[in-house]
file my_file_12.cif (mmCIF, C-alpha atoms (C1' of nucleotides))
data_input
#
loop_
_atom_site.label_atom_id
_atom_site.label_comp_id
_atom_site.auth_asym_id
_atom_site.auth_seq_id
_atom_site.Cartn_x
_atom_site.Cartn_y
_atom_site.Cartn_z
CA MET Z 17 32.47 -33.53 -11.76
CA SER Z 18 35.02 -35.40 -9.65
CA ARG Z 19 34.47 -39.07 -9.01
CA ARG Z 20 33.35 -38.31 -5.46
CA ALA Z 21 30.73 -35.82 -6.61
CA ASP Z 22 29.39 -38.32 -9.14
CA ASP Z 23 29.30 -40.94 -6.47
CA ALA Z 24 27.40 -38.72 -4.06
CA GLY Z 25 25.00 -37.88 -6.86
CA ARG Z 26 24.33 -41.52 -7.59
CA ARG Z 27 23.87 -42.27 -3.93
CA GLY Z 28 21.41 -39.41 -3.60
CA GLN Z 29 19.59 -40.58 -6.70
CA LEU Z 30 19.34 -44.12 -5.31
CA LEU Z 31 17.97 -42.76 -2.05
CA ARG Z 32 15.34 -40.61 -3.74
CA GLU Z 33 14.14 -43.42 -5.99
CA SER Z 34 14.15 -45.88 -3.10
CA ALA Z 35 12.12 -43.50 -0.96
CA ARG Z 36 9.60 -43.02 -3.75
CA LEU Z 37 9.24 -46.76 -4.35
CA PHE Z 38 9.18 -47.68 -0.65
CA ARG Z 39 6.45 -45.14 -0.08
CA GLU Z 40 4.37 -46.33 -3.01
CA ARG Z 41 4.64 -50.08 -2.53
CA GLY Z 42 6.34 -50.65 0.80
CA TYR Z 43 9.84 -51.88 1.58
CA ASP Z 44 9.16 -55.59 1.15
CA ALA Z 45 7.24 -55.12 -2.06
CA THR Z 46 10.12 -53.17 -3.62
CA SER Z 47 13.00 -55.25 -5.00
CA VAL Z 48 16.57 -54.04 -5.35
CA ARG Z 49 16.06 -54.62 -9.06
CA ASP Z 50 13.17 -52.12 -9.04
CA ILE Z 51 15.42 -49.57 -7.38
CA ALA Z 52 18.30 -50.20 -9.77
CA ALA Z 53 16.02 -49.90 -12.79
CA ALA Z 54 14.50 -46.62 -11.53
CA THR Z 55 18.02 -45.23 -11.10
CA GLY Z 56 19.21 -46.47 -14.50
CA LEU Z 57 21.57 -49.10 -13.14
CA GLN Z 58 21.96 -52.81 -13.75
CA SER Z 59 20.44 -55.15 -11.22
CA GLY Z 60 23.54 -55.67 -9.06
CA SER Z 61 25.15 -52.25 -9.25
CA TRP Z 62 23.48 -50.65 -6.23
CA VAL Z 63 25.98 -52.56 -4.03
CA TYR Z 64 28.64 -49.94 -4.79
CA HIS Z 65 26.65 -47.42 -2.76
CA PHE Z 66 24.99 -49.52 -0.06
CA LYS Z 67 25.96 -52.80 1.56
CA THR Z 68 22.45 -54.23 1.89
CA LYS Z 69 18.87 -53.36 1.03
CA GLN Z 70 18.34 -52.82 4.75
CA ASP Z 71 21.05 -50.15 4.68
CA ILE Z 72 19.14 -48.32 1.96
CA LEU Z 73 16.06 -48.26 4.16
CA ALA Z 74 18.02 -47.01 7.15
CA ALA Z 75 19.64 -44.29 5.05
CA VAL Z 76 16.27 -43.13 3.69
CA MET Z 77 14.82 -42.82 7.18
CA GLU Z 78 17.86 -41.23 8.77
CA GLN Z 79 18.46 -38.70 6.03
CA GLY Z 80 14.78 -37.77 5.96
CA LEU Z 81 14.65 -37.26 9.69
CA GLN Z 82 17.97 -35.42 9.75
CA GLN Z 83 16.65 -32.90 7.24
CA ALA Z 84 13.29 -32.54 8.99
CA LEU Z 85 15.15 -31.92 12.22
CA GLU Z 86 17.27 -29.16 10.69
CA ARG Z 87 14.13 -27.44 9.42
CA ILE Z 88 12.29 -27.38 12.73
CA GLU Z 89 15.39 -26.55 14.77
CA ALA Z 90 15.80 -23.49 12.57
CA ILE Z 91 12.23 -22.51 13.46
CA ALA Z 92 12.91 -23.07 17.14
CA ARG Z 93 15.70 -20.49 16.98
CA GLU Z 94 13.33 -17.79 15.65
CA GLU Z 95 11.74 -15.30 18.02
CA LEU Z 96 7.99 -15.68 17.56
CA PRO Z 97 4.79 -15.46 19.61
CA PRO Z 98 3.89 -18.98 20.86
CA ARG Z 99 0.94 -19.42 18.54
CA GLU Z 100 3.00 -18.35 15.53
CA HIS Z 101 5.75 -20.66 16.63
CA PHE Z 102 3.36 -23.56 16.87
CA ARG Z 103 1.79 -22.77 13.54
CA ALA Z 104 5.23 -22.69 11.92
CA LEU Z 105 6.05 -26.11 13.35
CA VAL Z 106 2.79 -27.57 12.08
CA ARG Z 107 3.30 -26.02 8.66
CA THR Z 108 6.84 -27.37 8.35
CA HIS Z 109 5.89 -30.79 9.69
CA LEU Z 110 3.11 -31.09 7.14
CA ASP Z 111 5.33 -29.91 4.32
CA THR Z 112 7.83 -32.60 5.29
CA LEU Z 113 5.01 -35.14 5.17
CA LEU Z 114 2.94 -33.99 2.22
CA GLY Z 115 5.12 -31.73 0.06
CA PRO Z 116 6.07 -32.73 -3.49
CA GLY Z 117 8.91 -35.24 -3.54
CA GLN Z 118 8.76 -35.63 0.24
CA ASP Z 119 8.81 -39.40 0.54
CA PHE Z 120 11.43 -39.92 3.26
CA ILE Z 121 9.36 -39.30 6.39
CA PRO Z 122 6.31 -41.17 5.06
CA VAL Z 123 8.60 -44.17 4.61
CA LEU Z 124 9.70 -43.76 8.21
CA LEU Z 125 6.09 -43.69 9.36
CA TYR Z 126 4.84 -46.50 7.12
CA ASP Z 127 7.70 -48.99 7.15
CA TRP Z 128 8.99 -48.68 10.68
CA ARG Z 129 8.50 -52.41 11.24
CA SER Z 130 10.87 -53.25 8.39
CA LEU Z 131 13.83 -51.45 9.96
CA ASP Z 132 16.17 -53.66 11.99
CA LYS Z 133 17.10 -52.98 15.61
CA PRO Z 134 20.34 -51.00 15.10
CA GLY Z 135 18.63 -48.76 12.57
CA ARG Z 136 15.70 -48.21 14.88
CA ASP Z 137 17.91 -47.14 17.73
CA ARG Z 138 19.57 -44.49 15.61
CA VAL Z 139 16.23 -43.21 14.32
CA ILE Z 140 14.78 -43.10 17.83
CA ALA Z 141 17.65 -40.88 18.97
CA LEU Z 142 16.82 -38.40 16.21
CA GLN Z 143 13.10 -38.59 16.97
CA LYS Z 144 13.74 -37.63 20.57
CA ARG Z 145 15.42 -34.44 19.43
CA TYR Z 146 12.53 -33.77 17.07
CA GLU Z 147 9.97 -34.14 19.82
CA GLN Z 148 11.97 -31.96 22.18
CA VAL Z 149 11.58 -28.99 19.84
CA TRP Z 150 7.81 -29.44 19.92
CA GLU Z 151 7.74 -29.86 23.66
CA ASP Z 152 9.47 -26.51 24.16
CA VAL Z 153 6.98 -24.69 21.96
CA ILE Z 154 4.01 -26.44 23.53
CA HIS Z 155 5.31 -25.34 26.90
CA GLN Z 156 5.36 -21.75 25.65
CA LEU Z 157 1.76 -22.21 24.51
CA GLN Z 158 0.81 -23.41 27.95
CA ARG Z 159 2.38 -20.38 29.64
CA ALA Z 160 0.50 -18.12 27.22
CA GLY Z 161 -2.76 -19.89 28.14
CA ASP Z 162 -3.31 -21.31 24.66
CA TRP Z 163 -3.09 -24.96 25.62
CA ALA Z 164 -4.54 -25.50 29.09
CA MET Z 165 -2.63 -28.56 30.23
CA PRO Z 166 -0.70 -30.48 27.63
CA THR Z 167 -0.12 -34.05 28.82
CA ARG Z 168 2.04 -36.73 27.31
CA ILE Z 169 -1.07 -38.33 25.83
CA ASP Z 170 -2.11 -34.97 24.38
CA ARG Z 171 1.17 -34.70 22.53
CA LEU Z 172 0.89 -38.25 21.24
CA LEU Z 173 -2.67 -37.62 20.07
CA MET Z 174 -1.52 -34.46 18.31
CA PHE Z 175 1.28 -36.22 16.46
CA GLY Z 176 -1.17 -38.95 15.56
CA ALA Z 177 -3.63 -36.50 14.06
CA LEU Z 178 -0.80 -34.92 12.02
CA ASN Z 179 1.00 -38.08 10.97
CA TRP Z 180 -2.20 -39.82 9.95
CA ILE Z 181 -2.79 -37.11 7.34
CA VAL Z 182 -0.33 -39.02 5.16
CA GLN Z 183 -2.98 -41.72 4.91
CA TRP Z 184 -5.75 -39.55 3.48
CA TYR Z 185 -4.15 -36.47 1.95
CA ARG Z 186 -4.09 -36.40 -1.84
CA PRO Z 187 -2.14 -33.56 -3.54
CA ARG Z 188 -4.89 -33.05 -6.13
CA GLY Z 189 -7.72 -33.56 -3.65
CA PRO Z 190 -10.20 -30.95 -2.40
CA LEU Z 191 -8.21 -29.99 0.72
CA ASN Z 192 -4.94 -28.13 0.39
CA ALA Z 193 -2.13 -28.07 2.91
CA THR Z 194 -2.74 -24.47 3.98
CA GLN Z 195 -6.36 -25.21 4.92
CA ILE Z 196 -5.23 -28.25 6.85
CA VAL Z 197 -2.67 -26.26 8.84
CA ALA Z 198 -5.35 -23.72 9.78
CA GLU Z 199 -7.82 -26.42 10.82
CA ALA Z 200 -5.19 -28.35 12.73
CA GLU Z 201 -4.23 -25.29 14.74
CA LYS Z 202 -7.87 -24.67 15.68
CA PHE Z 203 -8.30 -28.33 16.46
CA PHE Z 204 -5.38 -28.47 18.87
CA LEU Z 205 -5.64 -25.14 20.63
CA ARG Z 206 -8.84 -25.17 22.62
CA THR Z 207 -8.42 -21.71 24.10
CA LEU Z 208 -9.00 -19.54 21.07
CA PRO Z 209 -7.77 -15.93 21.03
CA ARG Z 210 -10.23 -13.84 22.96
CA ALA Z 211 -11.26 -11.63 20.07
CA ARG Z 212 -12.40 -14.57 17.97
CA ALA Z 213 -13.49 -16.96 20.70
CA ARG Z 214 -17.15 -15.86 20.70
CA ARG Z 215 -17.50 -15.62 16.95
CA PRO Z 216 -17.55 -19.02 15.33
CA GLY Z 217 -19.24 -17.40 12.34
CA VAL Z 218 -15.96 -16.04 10.97
CA ARG Z 219 -15.02 -19.49 9.66
CA ARG Z 220 -14.99 -19.47 5.89
CA SER Z 221 -16.35 -22.23 3.65
CA MET D 14 -18.25 -81.64 15.52
CA SER D 15 -19.62 -81.92 11.98
CA ARG D 16 -17.16 -81.51 9.14
CA ARG D 17 -18.55 -78.05 8.44
CA ALA D 18 -18.00 -76.89 12.00
CA ASP D 19 -14.44 -78.21 11.91
CA ASP D 20 -13.91 -76.44 8.66
CA ALA D 21 -15.22 -73.15 10.00
CA GLY D 22 -13.03 -73.62 13.07
CA ARG D 23 -9.93 -74.13 10.98
CA ARG D 24 -10.76 -71.16 8.86
CA GLY D 25 -11.21 -69.02 11.93
CA GLN D 26 -7.96 -70.33 13.37
CA LEU D 27 -6.14 -69.50 10.14
CA LEU D 28 -7.60 -65.98 10.18
CA ARG D 29 -6.60 -65.33 13.78
CA GLU D 30 -3.04 -66.56 13.28
CA SER D 31 -2.74 -64.66 10.02
CA ALA D 32 -3.96 -61.47 11.68
CA ARG D 33 -1.46 -61.89 14.50
CA LEU D 34 1.44 -62.52 12.13
CA PHE D 35 0.46 -59.80 9.66
CA ARG D 36 0.27 -57.32 12.50
CA GLU D 37 3.63 -58.33 13.95
CA ARG D 38 5.66 -58.54 10.74
CA GLY D 39 3.49 -57.18 7.98
CA TYR D 40 1.76 -58.98 5.11
CA ASP D 41 4.78 -59.27 2.81
CA ALA D 42 7.09 -60.41 5.59
CA THR D 43 4.72 -63.25 6.54
CA SER D 44 4.88 -66.37 4.37
CA VAL D 45 2.03 -68.78 3.85
CA ARG D 46 4.34 -71.34 5.47
CA ASP D 47 4.52 -69.20 8.62
CA ILE D 48 0.73 -69.10 8.74
CA ALA D 49 0.41 -72.84 8.15
CA ALA D 50 2.95 -73.63 10.86
CA ALA D 51 1.23 -71.34 13.39
CA THR D 52 -2.06 -73.12 12.68
CA GLY D 53 -0.50 -76.60 12.88
CA LEU D 54 -0.86 -77.37 9.20
CA GLN D 55 1.58 -78.48 6.52
CA SER D 56 2.90 -75.84 4.17
CA GLY D 57 0.37 -76.28 1.38
CA SER D 58 -2.77 -77.09 3.34
CA TRP D 59 -4.09 -73.56 3.80
CA VAL D 60 -5.38 -73.72 0.21
CA TYR D 61 -8.40 -75.73 1.38
CA HIS D 62 -9.68 -72.64 3.17
CA PHE D 63 -8.48 -69.74 0.99
CA LYS D 64 -7.69 -69.49 -2.69
CA THR D 65 -4.71 -67.15 -2.36
CA LYS D 66 -2.67 -65.39 0.29
CA GLN D 67 -4.31 -62.17 -0.88
CA ASP D 68 -7.70 -63.70 -0.03
CA ILE D 69 -6.49 -64.32 3.52
CA LEU D 70 -5.57 -60.65 3.86
CA ALA D 71 -8.92 -59.51 2.49
CA ALA D 72 -10.77 -61.87 4.86
CA VAL D 73 -8.82 -60.59 7.88
CA MET D 74 -9.65 -56.98 7.07
CA GLU D 75 -13.28 -57.58 6.16
CA GLN D 76 -14.07 -59.77 9.14
CA GLY D 77 -12.35 -57.35 11.50
CA LEU D 78 -14.24 -54.38 10.15
CA GLN D 79 -17.52 -56.28 10.03
CA GLN D 80 -17.23 -57.06 13.73
CA ALA D 81 -16.13 -53.54 14.64
CA LEU D 82 -19.12 -52.22 12.73
CA GLU D 83 -21.54 -54.44 14.61
CA ARG D 84 -20.15 -53.20 17.90
CA ILE D 85 -20.50 -49.51 17.18
CA GLU D 86 -23.85 -49.88 15.44
CA ALA D 87 -25.13 -51.47 18.65
CA ILE D 88 -23.92 -48.39 20.52
CA ALA D 89 -25.59 -46.11 18.02
CA ARG D 90 -28.93 -47.76 18.82
CA GLU D 91 -28.62 -46.94 22.55
CA GLU D 92 -30.28 -43.87 23.99
CA LEU D 93 -27.51 -41.82 25.58
CA PRO D 94 -26.56 -38.19 26.15
CA PRO D 95 -24.28 -37.03 23.29
CA ARG D 96 -21.12 -36.92 25.38
CA GLU D 97 -21.78 -40.41 26.75
CA HIS D 98 -22.48 -41.61 23.26
CA PHE D 99 -19.22 -40.20 22.00
CA ARG D 100 -17.28 -41.62 24.92
CA ALA D 101 -18.75 -45.06 24.24
CA LEU D 102 -17.69 -44.88 20.59
CA VAL D 103 -14.15 -43.88 21.54
CA ARG D 104 -13.97 -46.63 24.15
CA THR D 105 -15.17 -49.30 21.72
CA HIS D 106 -12.97 -48.04 18.91
CA LEU D 107 -9.91 -48.21 21.14
CA ASP D 108 -10.81 -51.65 22.41
CA THR D 109 -11.06 -52.82 18.80
CA LEU D 110 -7.61 -51.35 18.17
CA LEU D 111 -5.79 -52.13 21.40
CA GLY D 112 -7.61 -54.94 23.16
CA PRO D 113 -5.99 -58.34 23.71
CA GLY D 114 -6.14 -60.47 20.57
CA GLN D 115 -7.46 -57.56 18.53
CA ASP D 116 -5.19 -57.75 15.52
CA PHE D 117 -7.66 -57.45 12.66
CA ILE D 118 -8.16 -53.69 12.53
CA PRO D 119 -4.48 -52.92 13.09
CA VAL D 120 -3.76 -55.07 10.03
CA LEU D 121 -6.31 -53.03 8.12
CA LEU D 122 -4.61 -49.80 9.21
CA TYR D 123 -1.03 -51.00 8.71
CA ASP D 124 -1.23 -53.07 5.55
CA TRP D 125 -3.78 -51.22 3.51
CA ARG D 126 -1.31 -50.87 0.64
CA SER D 127 -0.99 -54.65 0.34
CA LEU D 128 -4.68 -55.18 -0.37
CA ASP D 129 -5.62 -55.39 -4.04
CA LYS D 130 -8.23 -53.18 -5.69
CA PRO D 131 -11.31 -55.45 -5.38
CA GLY D 132 -10.56 -56.02 -1.71
CA ARG D 133 -10.12 -52.30 -1.11
CA ASP D 134 -13.45 -51.48 -2.68
CA ARG D 135 -15.25 -53.88 -0.37
CA VAL D 136 -13.43 -52.54 2.69
CA ILE D 137 -14.14 -48.94 1.72
CA ALA D 138 -17.85 -49.70 1.59
CA LEU D 139 -17.73 -50.99 5.17
CA GLN D 140 -15.63 -48.03 6.30
CA LYS D 141 -18.23 -45.61 4.98
CA ARG D 142 -20.83 -47.23 7.21
CA TYR D 143 -18.43 -47.07 10.14
CA GLU D 144 -17.80 -43.37 9.66
CA GLN D 145 -21.50 -42.65 9.28
CA VAL D 146 -22.14 -43.83 12.83
CA TRP D 147 -19.54 -41.38 14.11
CA GLU D 148 -20.87 -38.57 12.01
CA ASP D 149 -24.32 -38.94 13.54
CA VAL D 150 -22.98 -38.81 17.07
CA ILE D 151 -20.69 -35.87 16.29
CA HIS D 152 -23.71 -34.06 14.92
CA GLN D 153 -25.51 -34.65 18.22
CA LEU D 154 -22.47 -33.22 20.01
CA GLN D 155 -22.61 -30.17 17.85
CA ARG D 156 -26.30 -29.54 18.62
CA ALA D 157 -25.50 -29.92 22.34
CA GLY D 158 -22.76 -27.30 22.00
CA ASP D 159 -19.94 -29.72 22.83
CA TRP D 160 -18.15 -29.54 19.48
CA ALA D 161 -18.43 -26.05 18.04
CA MET D 162 -18.16 -26.75 14.34
CA PRO D 163 -16.95 -30.18 13.31
CA THR D 164 -15.55 -30.06 9.79
CA ARG D 165 -14.48 -32.90 7.55
CA ILE D 166 -10.86 -32.19 8.43
CA ASP D 167 -11.75 -32.24 12.14
CA ARG D 168 -13.15 -35.73 11.79
CA LEU D 169 -10.12 -36.91 9.85
CA LEU D 170 -7.79 -35.42 12.47
CA MET D 171 -9.77 -37.13 15.21
CA PHE D 172 -9.57 -40.54 13.54
CA GLY D 173 -5.87 -39.94 12.98
CA ALA D 174 -5.26 -39.23 16.66
CA LEU D 175 -7.15 -42.41 17.59
CA ASN D 176 -5.77 -44.72 14.92
CA TRP D 177 -2.20 -43.61 15.52
CA ILE D 178 -2.42 -44.90 19.08
CA VAL D 179 -1.77 -48.34 17.61
CA GLN D 180 1.74 -47.12 16.86
CA TRP D 181 2.69 -46.17 20.41
CA TYR D 182 0.38 -48.02 22.78
CA ARG D 183 1.96 -50.92 24.65
CA PRO D 184 -0.32 -53.15 26.77
CA ARG D 185 2.20 -53.27 29.60
CA GLY D 186 3.17 -49.61 29.26
CA PRO D 187 2.49 -46.79 31.73
CA LEU D 188 -0.75 -45.62 30.07
CA ASN D 189 -3.85 -47.77 30.20
CA ALA D 190 -6.74 -47.69 27.77
CA THR D 191 -9.16 -46.07 30.24
CA GLN D 192 -6.83 -43.12 30.81
CA ILE D 193 -6.42 -42.72 27.08
CA VAL D 194 -10.18 -42.67 26.51
CA ALA D 195 -10.56 -39.94 29.13
CA GLU D 196 -7.74 -37.85 27.68
CA ALA D 197 -8.99 -38.33 24.14
CA GLU D 198 -12.44 -37.08 25.05
CA LYS D 199 -10.97 -33.95 26.67
CA PHE D 200 -8.68 -33.50 23.72
CA PHE D 201 -11.47 -33.55 21.14
CA LEU D 202 -14.23 -31.68 22.95
CA ARG D 203 -12.99 -28.17 23.45
CA THR D 204 -16.13 -26.99 25.25
CA LEU D 205 -15.74 -28.66 28.61
CA PRO D 206 -18.73 -29.15 30.91
CA ARG D 207 -19.43 -25.90 32.65
CA ALA D 208 -18.92 -27.20 36.21
CA ARG D 209 -15.37 -28.40 35.57
CA ALA D 210 -14.29 -25.95 32.92
CA ARG D 211 -12.68 -23.51 35.38
CA ARG D 212 -11.01 -26.13 37.52
CA PRO D 213 -8.11 -27.73 35.72
CA GLY D 214 -6.75 -28.77 39.11
CA VAL D 215 -9.09 -31.75 39.40
CA ARG D 216 -6.95 -33.71 36.99
CA ARG D 217 -5.42 -36.70 38.70
CA SER D 218 -1.83 -37.88 38.28
"C1'" DC H 7 29.87 -50.27 -12.95
"C1'" DC H 8 28.24 -54.75 -15.83
"C1'" DT H 9 27.44 -59.81 -16.87
"C1'" DA H 10 26.24 -63.87 -15.26
"C1'" DC H 11 24.86 -66.41 -11.72
"C1'" DC H 12 24.45 -68.45 -6.68
"C1'" DG H 13 21.41 -70.42 -3.01
"C1'" DA H 14 17.28 -69.46 -0.60
"C1'" DT H 15 12.67 -68.65 -0.37
"C1'" DC H 16 8.39 -67.48 -2.21
"C1'" DG H 17 3.12 -68.63 -3.51
"C1'" DG H 18 0.82 -72.19 -5.16
"C1'" DT H 19 -0.17 -77.07 -7.32
"C1'" DA H 20 -0.25 -82.22 -8.83
"C1'" DG H 21 -1.22 -86.44 -7.25
"C1'" DG H 22 -2.56 -89.09 -3.87
"C1'" DC F 1 -5.41 -82.72 4.59
"C1'" DC F 2 -0.22 -84.35 3.31
"C1'" DT F 3 4.03 -85.15 0.37
"C1'" DA F 4 6.73 -83.61 -2.93
"C1'" DC F 5 7.66 -80.33 -5.98
"C1'" DC F 6 7.00 -76.50 -9.79
"C1'" DG F 7 8.57 -71.98 -11.75
"C1'" DA F 8 9.45 -67.38 -10.37
"C1'" DT F 9 11.71 -64.11 -7.87
"C1'" DC F 10 14.42 -62.59 -4.19
"C1'" DG F 11 19.02 -60.31 -2.11
"C1'" DG F 12 23.48 -60.46 -2.98
"C1'" DT F 13 28.21 -61.97 -5.18
"C1'" DA F 14 32.27 -63.65 -8.28
"C1'" DG F 15 34.94 -62.31 -11.81
"C1'" DG F 16 36.05 -59.16 -14.87
#

call {"tool": "encode", "arguments": {"input": "my_file_12.cif", "output": "structure tokens"}}
result
Amino acid sequence: MSRRADDAGRRGQLLRESARLFRERGYDATSVRDIAAATGLQSGSWVYHFKTKQDILAAVMEQGLQQALERIEAIAREELPPREHFRALVRTHLDTLLGPGQDFIPVLLYDWRSLDKPGRDRVIALQKRYEQVWEDVIHQLQRAGDWAMPTRIDRLLMFGALNWIVQWYRPRGPLNATQIVAEAEKFFLRTLPRARARRPGVRRS
Amino acid sequence: MSRRADDAGRRGQLLRESARLFRERGYDATSVRDIAAATGLQSGSWVYHFKTKQDILAAVMEQGLQQALERIEAIAREELPPREHFRALVRTHLDTLLGPGQDFIPVLLYDWRSLDKPGRDRVIALQKRYEQVWEDVIHQLQRAGDWAMPTRIDRLLMFGALNWIVQWYRPRGPLNATQIVAEAEKFFLRTLPRARARRPGVRRS
DNA sequence: CCTACCGATCGGTAGG
DNA sequence: CCTACCGATCGGTAGG
């Protein structure tokens, strides 16, 4: 209950509400007054936590990516068979994109154009680390024969397929995240495990 | 040189400049003054061609999709082997997304949130027709054994991989559109042609 | 953290 | 199609 704890709480609250509003309407269509009102502040009081509206956007993207990075780096440290490793990455990536209250990374994906140059450079540095984790696991998959020859374009197409899900996934829709993870794995890994490779009939639904 | 032709020319000019600016900066970050200036008009003169700025956005998206639809429906009418058919769709889709001066569909993909409800409904109707063309060809692929069991999620993942290319493709970058088409086809069609299936070494680069 | 307000810019219009 | 301008809203600040 110290002043610093309160302050951090307010800052976090501002970030969460900003992320939610940016995701819903976009950065430009969200006013600082909207953000203040959603946080229970008067129209000019957000300046005690952020210098500019642009700084709020940068903080949303950086914090979101920072947390996503921690999650997948933890997975990278686990000892798992390549396919399990890959599946865990996909599952975590999709939870970061589609999970309840997960608005930070969608803002990064949707409103990239609105971020100014200095902010972009910092985000790009984090993204490189994020992609490196994937590259290591994909390389394991290749050695195990589960992904014949992953090229740079392959990896970009894969991220595209995953990131685009934000555009069509609806939490209360007919497809749940677990189904999507299973389908995505099958979609990406052309060399299916030998035991199931000749039996397409096992697919449910 | 009739007044109507001039009028249609101006309207087309306004649409092209709007598409270019919307794509570069986004709908909200582009002012009607920016559009007027790019077209060589005074700040209020765009109103003789469109009622509101929102109408400009709707026209950009609808015209872009209308033209894309004509292109792939022409392909659908050709008699081709399934794989060739699919490759032609991918090639045309990517040209619509990445070709020089092709800003209309990227605006549709980027600024979907900025379109109001009536506009969305009209665009959705066109998109359904667009997807139907793909579904028919994918079904041919399935019968030919080139796409084991295409599900709804598979199709959404495929469109995601393709549409996301707009985010990373750079005309002067190291990857050209032809390479991407070839990689995309390999990426989607897990059952490779028998003659080349066992010889990954033929890949160039 | 609030009240009151600033200069700038926005989409769109009146009158010609 | 232009000139001149409107009311509204924007991000951000001065003073307390």

call {"tool": "closest_residue", "arguments": {"input": "my_file_12.cif", "among": "Z:Tyr64, Z:Trp128, Z:Phe120, Z:Phe175", "to": "chain H", "atoms": "only C-alpha atoms (C1' of nucleotides)"}}
result
Z:Tyr64

call {"tool": "interface_residues", "arguments": {"input": "my_file_12.cif", "of": "chain Z", "to": "chain F", "cutoff": "10 Å", "atoms": "only C-alpha atoms (C1' of nucleotides)", "output": "list in words"}}
result
Ser47, Val48, Arg49, Gly60, Val63, Lys67, Thr68 and Lys69 of chain Z

call {"tool": "atom_distance", "arguments": {"input": "my_file_12.cif", "atom1": "atom CA of Gln58 of chain Z", "atom2": "atom CA of Val76 of chain Z"}}
result
20.7 Å

call {"tool": "closest_residue", "arguments": {"input": "my_file_12.cif", "among": "D:Pro119, D:Gly173, D:Gly186, D:Gly132", "to": "chain Z", "atoms": "all atoms listed in the file"}}
result
D:Gly173

call {"tool": "interface_residues", "arguments": {"input": "my_file_12.cif", "of": "chain Z", "to": "chain D", "cutoff": "7 Å", "atoms": "only C-alpha atoms", "output": "ChimeraX atom specification"}}
result
/Z:41,44-45,129,169-170,173-174,176-177,180,199,203,206

call {"tool": "atom_distance", "arguments": {"input": "my_file_12.cif", "atom1": "atom CA of Ala51 of chain D", "atom2": "atom CA of Arg133 of chain D"}}
result
26.5 Å
